[in-house]
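Colleague: What follows is a structure written as structure tokens; I'll ask about it next.
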Amino acid sequence: MSTDRKQELIHLAIQMISERGYDSFSFADLARLSGITKASIHHHFATKTDLGMACLDYMQAVMREMLVILSKMSAKNAIVAILKEAQHFPWQGRICTLTSLHAEFNVLPEVLQQRLQAITVFEEQQITALLQRYVDERGQPLALSVATAARLLISSTKGAMLYGRTQKIDWTPEVVMGVFAVLGVDISNKESRL
């Protein structure tokens with residue numbers, strides 16, 4: 001199986017996790033979606049846990065790539081880009097893959113729990129650093145601590161997807177506008193998405 005095929009399996013697994021959850025899909029489901037045999041999947045991912053780890057590794061790599069792009073922007077534009085991406089998430093009842101894994105945290109294998117915790121800390125640190133850069137650039141503190149603002153940004157955008165799914169309504173655009181207001185980010189000049 002080529003590296004491209006392996007990446008395709010990771011992408012399909014990420015899609016299934018965001019739509020159905022980690023515990024609600026099997027290698028048989030993945031085989032049906034990908035059109036390849038379970039044996040071929042097992043060639044690269046001996047267990048579902050191995051596939052889960054590959055998905056988490058991929059998601060952290062994407063985060064790191066995004067951070068490189070964001071680091072070249074002003075903090076304000078970087079915040080706008082992140083929130084605009086959340087607004088334009090291909091919703092259709094899906095949620096952030098990490099959020100889906102958080103929802104199933106207690107039933108995940110311990111190695112996935114540990115990896116998810118590490119990525120969660122990494123994500124929070126990066127958002128906190130970005131918000132601190134925003135405060136430094138504008139020379140004015142936020143109405144709440146930078147750490148609290150980071151947790152608000154993360155939990156509100158991801159929570160909007162999770163709660164909106166239960167009502168079959170995409171809450172994210174409205175919630176993102178609320179986060180902009182709380183952070184005091186003026187978006188009148190319509191910065192572009194990532």
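Residue numbering restarts at 1 in every chain; chains get A, B, ... in the order shown in the structure tokens, and ligands count up from 1 in that same order.
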Just the residues within 8 Å of region 178-182 of chain A, please, counting only C-alpha atoms, with nothing from its chain fewer than 6 positions along; format it as number ranges by chain.

Modeller: A: 143, 152-153, 156

Colleague: Could the residues in this selection be written to a file with all heavy atoms, as a PDB file, in the first residue's frame?

Modeller:
```
ATOM      1  N   ALA A 143     -10.450  41.924  28.576  1.00  0.00           N
ATOM      2  CA  ALA A 143     -11.334  42.036  29.734  1.00  0.00           C
ATOM      3  C   ALA A 143     -11.198  40.835  30.668  1.00  0.00           C
ATOM      4  O   ALA A 143     -11.690  40.860  31.790  1.00  0.00           O
ATOM      5  CB  ALA A 143     -12.783  42.168  29.269  1.00  0.00           C
ATOM      6  N   LEU A 152     -11.730  30.119  26.429  1.00  0.00           N
ATOM      7  CA  LEU A 152     -13.025  30.557  25.905  1.00  0.00           C
ATOM      8  C   LEU A 152     -13.074  30.363  24.393  1.00  0.00           C
ATOM      9  O   LEU A 152     -14.040  29.817  23.855  1.00  0.00           O
ATOM     10  CB  LEU A 152     -13.277  32.029  26.252  1.00  0.00           C
ATOM     11  CG  LEU A 152     -14.519  32.659  25.626  1.00  0.00           C
ATOM     12  CD1 LEU A 152     -15.782  32.053  26.210  1.00  0.00           C
ATOM     13  CD2 LEU A 152     -14.498  34.163  25.817  1.00  0.00           C
ATOM     14  N   LEU A 153     -12.038  30.800  23.695  1.00  0.00           N
ATOM     15  CA  LEU A 153     -11.985  30.672  22.247  1.00  0.00           C
ATOM     16  C   LEU A 153     -12.087  29.200  21.836  1.00  0.00           C
ATOM     17  O   LEU A 153     -12.908  28.839  20.983  1.00  0.00           O
ATOM     18  CB  LEU A 153     -10.693  31.284  21.722  1.00  0.00           C
ATOM     19  CG  LEU A 153     -10.527  31.391  20.212  1.00  0.00           C
ATOM     20  CD1 LEU A 153      -9.600  32.546  19.882  1.00  0.00           C
ATOM     21  CD2 LEU A 153     -10.006  30.126  19.600  1.00  0.00           C
ATOM     22  N   SER A 156     -15.603  27.515  23.184  1.00  0.00           N
ATOM     23  CA  SER A 156     -16.825  28.035  22.575  1.00  0.00           C
ATOM     24  C   SER A 156     -16.953  27.620  21.114  1.00  0.00           C
ATOM     25  O   SER A 156     -18.037  27.232  20.667  1.00  0.00           O
ATOM     26  CB  SER A 156     -16.907  29.550  22.730  1.00  0.00           C
ATOM     27  OG  SER A 156     -15.828  30.180  22.098  1.00  0.00           O
TER      28      SER A 156
END
```

Colleague: DSSP on the backbone: which residues in chain A end up as alpha helix (DSSP H)? Give the answer as a ChimeraX atom specification.

Modeller: /A:3-20,27-34,38-44,48-71,75-87,97-103,110-138,146-167,172-183

Colleague: Show me, as an MDAnalysis selection string, the residues that have an atom within 10 Å of Met59 (chain A) when counting only C-alpha atoms, minus same-chain residues fewer than 3 positions from it.

Modeller: chainID A and resid 10:11 14 53:56 62:65 97:98 119

Colleague: Using only C-alpha atoms, can you tell me which of A:Ala149, A:Val68, A:Val107, A:Leu144 comes closest to Gln125 (chain A)?

Modeller: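 That would be A:Ala149, the residue with the smallest distance to Gln125 (chain A).
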
Colleague: Considering only C-alpha atoms, state which residue in the set A:Val176, A:Ile17, A:Val135, A:Leu183 is at the smallest distance from Ala75 (chain A).

Modeller: A:Val135

Colleague: Near Thr166 (chain A), within 12 Å and counting only C-alpha atoms, which residues show up once chain neighbours fewer than 4 positions away are dropped, as a ChimeraX atom specification?

Modeller: /A:92-95,159-162,170-171

Colleague: Could you write out the selected residues, including N, CA and C atoms, as a PDB file, in the first residue's frame?

Modeller:
```pdb
ATOM      1  N   GLN A  92     -22.227  20.117   8.325  1.00  0.00           N
ATOM      2  CA  GLN A  92     -23.098  18.989   7.986  1.00  0.00           C
ATOM      3  C   GLN A  92     -23.162  17.930   9.095  1.00  0.00           C
ATOM      4  N   GLY A  93     -23.264  18.375  10.343  1.00  0.00           N
ATOM      5  CA  GLY A  93     -23.365  17.449  11.467  1.00  0.00           C
ATOM      6  C   GLY A  93     -22.038  16.919  11.973  1.00  0.00           C
ATOM      7  N   ARG A  94     -20.933  17.363  11.355  1.00  0.00           N
ATOM      8  CA  ARG A  94     -19.607  16.940  11.808  1.00  0.00           C
ATOM      9  C   ARG A  94     -19.147  17.878  12.906  1.00  0.00           C
ATOM     10  N   ILE A  95     -18.192  17.417  13.684  1.00  0.00           N
ATOM     11  CA  ILE A  95     -17.563  18.269  14.680  1.00  0.00           C
ATOM     12  C   ILE A  95     -16.055  18.135  14.546  1.00  0.00           C
ATOM     13  N   GLY A 159     -17.364  23.765  21.155  1.00  0.00           N
ATOM     14  CA  GLY A 159     -18.635  23.456  21.802  1.00  0.00           C
ATOM     15  C   GLY A 159     -19.816  23.806  20.918  1.00  0.00           C
ATOM     16  N   ALA A 160     -19.685  24.875  20.127  1.00  0.00           N
ATOM     17  CA  ALA A 160     -20.756  25.264  19.205  1.00  0.00           C
ATOM     18  C   ALA A 160     -21.024  24.148  18.202  1.00  0.00           C
ATOM     19  N   MET A 161     -19.965  23.513  17.721  1.00  0.00           N
ATOM     20  CA  MET A 161     -20.144  22.402  16.789  1.00  0.00           C
ATOM     21  C   MET A 161     -20.839  21.232  17.477  1.00  0.00           C
ATOM     22  N   LEU A 162     -20.377  20.911  18.671  1.00  0.00           N
ATOM     23  CA  LEU A 162     -20.905  19.764  19.411  1.00  0.00           C
ATOM     24  C   LEU A 162     -22.371  19.976  19.781  1.00  0.00           C
ATOM     25  N   ASP A 170     -26.055  24.777  12.781  1.00  0.00           N
ATOM     26  CA  ASP A 170     -24.652  25.188  12.900  1.00  0.00           C
ATOM     27  C   ASP A 170     -24.578  26.461  13.750  1.00  0.00           C
ATOM     28  N   TRP A 171     -24.212  26.296  15.003  1.00  0.00           N
ATOM     29  CA  TRP A 171     -24.075  27.418  15.926  1.00  0.00           C
ATOM     30  C   TRP A 171     -22.795  28.209  15.690  1.00  0.00           C
TER      31      TRP A 171
END
```

Colleague: Could you pull the residues within 10 Å of Arg115 (chain A), counting only C-alpha atoms, minus those fewer than 5 positions along the same chain, as a list in words?

Modeller: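 Those residues are Gly52, Met53, Leu56, Asp57, Glu110, Thr120 and Val121 of chain A.
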
Colleague: Could those selected residues go to a file with all heavy atoms, as a short mmCIF file (atom, residue, chain, number, x, y, z; two decimals), in the first residue's frame?

Modeller:
```
data_model
loop_
_atom_site.label_atom_id
_atom_site.label_comp_id
_atom_site.auth_asym_id
_atom_site.auth_seq_id
_atom_site.Cartn_x
_atom_site.Cartn_y
_atom_site.Cartn_z
N GLY A 52 -5.62 5.36 15.30
CA GLY A 52 -5.94 6.55 16.10
C GLY A 52 -4.70 7.40 16.35
O GLY A 52 -4.75 8.64 16.25
N MET A 53 -3.59 6.77 16.66
CA MET A 53 -2.33 7.51 16.88
C MET A 53 -1.88 8.20 15.60
O MET A 53 -1.43 9.34 15.63
CB MET A 53 -1.24 6.57 17.39
CG MET A 53 -1.47 6.09 18.81
SD MET A 53 -1.41 7.41 20.03
CE MET A 53 0.35 7.66 20.15
N LEU A 56 -3.96 11.29 15.18
CA LEU A 56 -3.53 12.35 16.08
C LEU A 56 -2.21 12.96 15.62
O LEU A 56 -2.03 14.19 15.67
CB LEU A 56 -3.42 11.83 17.52
CG LEU A 56 -4.76 11.56 18.21
CD1 LEU A 56 -4.54 10.84 19.54
CD2 LEU A 56 -5.54 12.85 18.42
N ASP A 57 -1.29 12.13 15.16
CA ASP A 57 -0.01 12.64 14.63
C ASP A 57 -0.27 13.56 13.44
O ASP A 57 0.33 14.63 13.33
CB ASP A 57 0.90 11.50 14.21
CG ASP A 57 1.46 10.71 15.38
OD1 ASP A 57 1.41 11.20 16.53
OD2 ASP A 57 1.95 9.58 15.13
N GLU A 110 -5.63 4.00 26.74
CA GLU A 110 -4.80 4.92 27.53
C GLU A 110 -3.76 5.65 26.69
O GLU A 110 -3.53 6.85 26.88
CB GLU A 110 -4.11 4.18 28.68
CG GLU A 110 -3.39 5.11 29.60
CD GLU A 110 -2.82 4.40 30.84
OE1 GLU A 110 -3.28 3.32 31.18
OE2 GLU A 110 -1.88 4.98 31.44
N THR A 120 -3.92 18.54 23.31
CA THR A 120 -4.79 19.55 23.92
C THR A 120 -3.97 20.63 24.61
O THR A 120 -4.24 21.82 24.46
CB THR A 120 -5.77 18.88 24.91
OG1 THR A 120 -6.55 17.92 24.19
CG2 THR A 120 -6.68 19.89 25.56
N VAL A 121 -2.96 20.21 25.35
CA VAL A 121 -2.06 21.17 26.02
C VAL A 121 -1.34 22.02 24.97
O VAL A 121 -1.25 23.24 25.09
CB VAL A 121 -1.05 20.44 26.94
CG1 VAL A 121 0.06 21.37 27.40
CG2 VAL A 121 -1.78 19.83 28.13
#
```

Colleague: Please indicate the distance in Å from CA of Val185 (chain A) to CA of Phe122 (chain A), rounded to one decimal place.

Modeller: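 Distance reported for this atom pair: 23.5 Å.
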
Colleague: Using Å and a single decimal, report how far CA of Glu8 (chain A) sits from CA of Arg20 (chain A).

Modeller: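 Those two atoms sit 17.9 Å apart.
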
Colleague: Of the candidates A:Gln114, A:Ser40, A:Gln87, A:Ser145, which shows the shortest atom-to-atom distance to Val175 (chain A), using only C-alpha atoms?

Modeller: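 Of the candidates, the smallest distance to Val175 (chain A) is held by A:Gln87.
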
Colleague: Let me make sure I understand: among A:Gln167, A:Pro173, A:Asn106, A:Glu124, which one has the smallest atom-to-atom distance to Glu85 (chain A) if we use only C-alpha atoms?

Modeller: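 Counting only C-alpha atoms, the residue closest to Glu85 (chain A) is A:Pro173.
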
Colleague: In Å, how far is it from CA of Gly164 (chain A) to CA of Leu12 (chain A)?

Modeller: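 Interatomic distance, CA of Gly164 (chain A) to CA of Leu12 (chain A): 22.7 Å.
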